[in-house]
Amino acid sequence: MRIVVCICQVPDTAAAIAVADGELDLARVSWVMNPYDEYAVEEAVRLKEQFTGSEVVVMTVTEGPARELLQKALAMGADRAVELLALSAPDSFSIASALAGAIRNRYLQMPPDLVLCGKESFDHQNGAVPAMLASLLDIPFAGPVAALRAEEGGLELERETECGMECLRASFPVVVSAGKGLNTPRKTGIRQVMEARKKPIETISAGELPAPRINLCGVEQASARKSCRFAADSAELLRMLQNDGRIPDREELRA
């Protein structure tokens, strides 16, 4: 089985992120593998152990060096890693485009059997990349999944919905995003870390990516104190909401 895992690095949730002059100050931030991506890497390694002769390749799109991120995935059991260097901060579509291009170049004849991603990154939390990647590769997408069972030729998947658990069957090739509870990522020791250093990491240019369609214009420090006002009755509450512009008044509704 040929498996590709798309990963990214995010700020440690315990890190203190400051705001200075309308921009994020990440000078004191430590970077870690996106927790949802850890589930994806762990599941890929388990499938590799289940199916003899399988290969797991991890890929990431980054503006700067991300070798520590890739080394962790290799220590968890991935076979090789690809680092795609972007010249500018990419958005979700640019990331998906870079990953799709790299996957096509590596698998010229046909796409890999399985592409695994985390359901979303902890920093932006929009979960757009997996579905976009599937669309660009022109293969099906399913996720986020809470359980995965592999068999020859396809997968049995389970995902949680508002109505309960949904069971799916997917044929290869397919893109799957991993959700919390899919597995318990393994811990790595010194032996695994030393072995990971012997595994190949390929660094290539992501090429000319599409212009970002979403740009961060600025950030503001959230106020720790919230102003609180009390309304004596519903009429006063309505006036307060209208004065704040939260709901239109009657004249605006007539217009």
# chains A, B, ... in the order shown; residues from 1 in each chain; ligands from 1
$ residues_around --residues "Arg46 (chain A)" --least-positions-apart "3" --cutoff "12 Å" --atoms "only C-alpha atoms" --output "number ranges by chain"
A: 1, 3, 39-43, 49-52, 54-56, 76-78, 148-150, 182-186
$ select_by_dssp --residues "region 11-241 of chain A" --states "strand (DSSP E)" --output "ChimeraX atom specification"
/A:11,18-20,23-25,31-33,55-62,80-85,114-118,141-145,147-151,154-161,164-171,174-178,201-205
$ closest_residue --among "A:Val58, A:Val32, A:Ala20, A:Val82" --to "Ser205 (chain A)" --atoms "only C-alpha atoms"
A:Val82
$ closest_atom_pairs --of "region 177-246 of chain A" --to "region 102-117 of chain A" --cutoff "9 Å" --atoms "only C-alpha atoms" --output "tab-separated table"
residue	atom	partner	partner_atom	distance
A:Ser177	CA	A:Cys117	CA	4.6
A:Ala178	CA	A:Cys117	CA	6.1
A:Ala206	CA	A:Ala102	CA	7.8
$ residues_around --residues "Glu23 (chain A)" --least-positions-apart "4" --cutoff "8 Å" --atoms "only C-alpha atoms" --output "PyMOL selection string"
chain A and resi 19+218-220
$ residues_around --residues "Ala15 (chain A)" --least-positions-apart "4" --cutoff "12 Å" --atoms "only C-alpha atoms" --output "PyMOL selection string"
chain A and resi 10-11+25-32
$ write_last_selection --atoms "N, CA, C and O atoms" --output "PDB file, in the first residue's frame"
ATOM      1  N   VAL A  10       2.397  23.692  14.058  1.00  0.00           N
ATOM      2  CA  VAL A  10       1.556  24.744  14.636  1.00  0.00           C
ATOM      3  C   VAL A  10       2.199  25.220  15.934  1.00  0.00           C
ATOM      4  O   VAL A  10       3.031  24.508  16.517  1.00  0.00           O
ATOM      5  N   PRO A  11       1.830  26.402  16.415  1.00  0.00           N
ATOM      6  CA  PRO A  11       2.359  26.855  17.706  1.00  0.00           C
ATOM      7  C   PRO A  11       1.904  25.937  18.831  1.00  0.00           C
ATOM      8  O   PRO A  11       0.765  25.451  18.837  1.00  0.00           O
ATOM      9  N   ASP A  25       3.274  38.264  17.378  1.00  0.00           N
ATOM     10  CA  ASP A  25       4.673  38.148  17.776  1.00  0.00           C
ATOM     11  C   ASP A  25       4.925  36.695  18.161  1.00  0.00           C
ATOM     12  O   ASP A  25       4.523  36.236  19.233  1.00  0.00           O
ATOM     13  N   LEU A  26       5.589  35.956  17.277  1.00  0.00           N
ATOM     14  CA  LEU A  26       5.831  34.536  17.482  1.00  0.00           C
ATOM     15  C   LEU A  26       7.272  34.240  17.878  1.00  0.00           C
ATOM     16  O   LEU A  26       7.746  33.114  17.755  1.00  0.00           O
ATOM     17  N   ALA A  27       7.976  35.262  18.375  1.00  0.00           N
ATOM     18  CA  ALA A  27       9.396  35.108  18.683  1.00  0.00           C
ATOM     19  C   ALA A  27       9.636  34.069  19.770  1.00  0.00           C
ATOM     20  O   ALA A  27      10.645  33.360  19.752  1.00  0.00           O
ATOM     21  N   ARG A  28       8.734  33.989  20.731  1.00  0.00           N
ATOM     22  CA  ARG A  28       8.936  33.063  21.848  1.00  0.00           C
ATOM     23  C   ARG A  28       8.093  31.796  21.722  1.00  0.00           C
ATOM     24  O   ARG A  28       7.939  31.052  22.693  1.00  0.00           O
ATOM     25  N   VAL A  29       7.570  31.549  20.536  1.00  0.00           N
ATOM     26  CA  VAL A  29       6.683  30.398  20.329  1.00  0.00           C
ATOM     27  C   VAL A  29       7.496  29.171  19.928  1.00  0.00           C
ATOM     28  O   VAL A  29       8.401  29.253  19.092  1.00  0.00           O
ATOM     29  N   SER A  30       7.195  28.052  20.535  1.00  0.00           N
ATOM     30  CA  SER A  30       7.771  26.774  20.103  1.00  0.00           C
ATOM     31  C   SER A  30       6.766  26.082  19.190  1.00  0.00           C
ATOM     32  O   SER A  30       5.558  26.159  19.408  1.00  0.00           O
ATOM     33  N   TRP A  31       7.289  25.408  18.166  1.00  0.00           N
ATOM     34  CA  TRP A  31       6.439  24.799  17.156  1.00  0.00           C
ATOM     35  C   TRP A  31       6.408  23.286  17.322  1.00  0.00           C
ATOM     36  O   TRP A  31       7.427  22.659  17.620  1.00  0.00           O
ATOM     37  N   VAL A  32       5.246  22.709  17.132  1.00  0.00           N
ATOM     38  CA  VAL A  32       5.057  21.272  17.305  1.00  0.00           C
ATOM     39  C   VAL A  32       4.250  20.730  16.119  1.00  0.00           C
ATOM     40  O   VAL A  32       3.656  21.494  15.352  1.00  0.00           O
TER      41      VAL A  32
END
$ residues_around --residues "Pro210 (chain A)" --least-positions-apart "2" --cutoff "12 Å" --atoms "only C-alpha atoms" --output "count of residues only"
20
$ atom_distance --atom1 "CA of Leu24 (chain A)" --atom2 "CA of Leu209 (chain A)"
24.0 Å
$ select_by_dssp --residues "region 9-187 of chain A" --states "alpha helix (DSSP H)" --output "ChimeraX atom specification"
/A:35-50,67-76,92-106,129-137
$ residues_around --residues "Thr203 (chain A)" --least-positions-apart "5" --cutoff "9 Å" --atoms "only C-alpha atoms" --output "ChimeraX atom specification"
/A:81-85
$ closest_residue --among "A:Asn34, A:Ser135, A:Thr13, A:Gln192" --to "Leu99 (chain A)" --atoms "only C-alpha atoms"
A:Ser135
$ atom_distance --atom1 "CA of Ala142 (chain A)" --atom2 "CA of Arg67 (chain A)"
29.0 Å
$ atom_distance --atom1 "CA of Val5 (chain A)" --atom2 "CA of Gly189 (chain A)"
21.4 Å
$ decode --residues "region 136-150 of chain A" --atoms "N, CA and C atoms" --output "mmCIF file, in the first residue's frame"
data_model
loop_
_atom_site.group_PDB
_atom_site.id
_atom_site.type_symbol
_atom_site.label_atom_id
_atom_site.label_comp_id
_atom_site.auth_asym_id
_atom_site.auth_seq_id
_atom_site.Cartn_x
_atom_site.Cartn_y
_atom_site.Cartn_z
ATOM 1 N N LEU A 136 -8.391 18.398 -6.098
ATOM 2 C CA LEU A 136 -7.306 18.642 -7.049
ATOM 3 C C LEU A 136 -6.726 17.336 -7.588
ATOM 4 N N LEU A 137 -6.719 16.292 -6.759
ATOM 5 C CA LEU A 137 -6.224 14.987 -7.211
ATOM 6 C C LEU A 137 -7.301 14.193 -7.946
ATOM 7 N N ASP A 138 -8.542 14.696 -7.888
ATOM 8 C CA ASP A 138 -9.686 14.051 -8.537
ATOM 9 C C ASP A 138 -9.916 12.642 -7.982
ATOM 10 N N ILE A 139 -9.869 12.527 -6.653
ATOM 11 C CA ILE A 139 -10.171 11.265 -5.986
ATOM 12 C C ILE A 139 -11.140 11.552 -4.840
ATOM 13 N N PRO A 140 -11.845 10.543 -4.325
ATOM 14 C CA PRO A 140 -12.849 10.774 -3.278
ATOM 15 C C PRO A 140 -12.214 11.239 -1.967
ATOM 16 N N PHE A 141 -13.076 11.812 -1.118
ATOM 17 C CA PHE A 141 -12.652 12.297 0.193
ATOM 18 C C PHE A 141 -13.650 11.841 1.251
ATOM 19 N N ALA A 142 -13.144 11.481 2.433
ATOM 20 C CA ALA A 142 -13.998 11.132 3.563
ATOM 21 C C ALA A 142 -13.350 11.639 4.840
ATOM 22 N N GLY A 143 -14.155 12.197 5.722
ATOM 23 C CA GLY A 143 -13.599 12.645 6.999
ATOM 24 C C GLY A 143 -14.463 13.692 7.656
ATOM 25 N N PRO A 144 -14.093 14.031 8.878
ATOM 26 C CA PRO A 144 -13.047 13.386 9.676
ATOM 27 C C PRO A 144 -13.529 12.057 10.236
ATOM 28 N N VAL A 145 -12.639 11.077 10.279
ATOM 29 C CA VAL A 145 -13.024 9.734 10.696
ATOM 30 C C VAL A 145 -12.556 9.464 12.122
ATOM 31 N N ALA A 146 -13.342 8.673 12.844
ATOM 32 C CA ALA A 146 -13.009 8.294 14.219
ATOM 33 C C ALA A 146 -12.569 6.846 14.302
ATOM 34 N N ALA A 147 -12.759 6.082 13.227
ATOM 35 C CA ALA A 147 -12.326 4.685 13.187
ATOM 36 C C ALA A 147 -12.035 4.317 11.737
ATOM 37 N N LEU A 148 -11.029 3.459 11.552
ATOM 38 C CA LEU A 148 -10.618 3.074 10.202
ATOM 39 C C LEU A 148 -10.181 1.610 10.230
ATOM 40 N N ARG A 149 -10.737 0.823 9.318
ATOM 41 C CA ARG A 149 -10.342 -0.575 9.162
ATOM 42 C C ARG A 149 -10.032 -0.814 7.689
ATOM 43 N N ALA A 150 -8.844 -1.352 7.446
ATOM 44 C CA ALA A 150 -8.386 -1.553 6.075
ATOM 45 C C ALA A 150 -8.564 -2.995 5.651
#
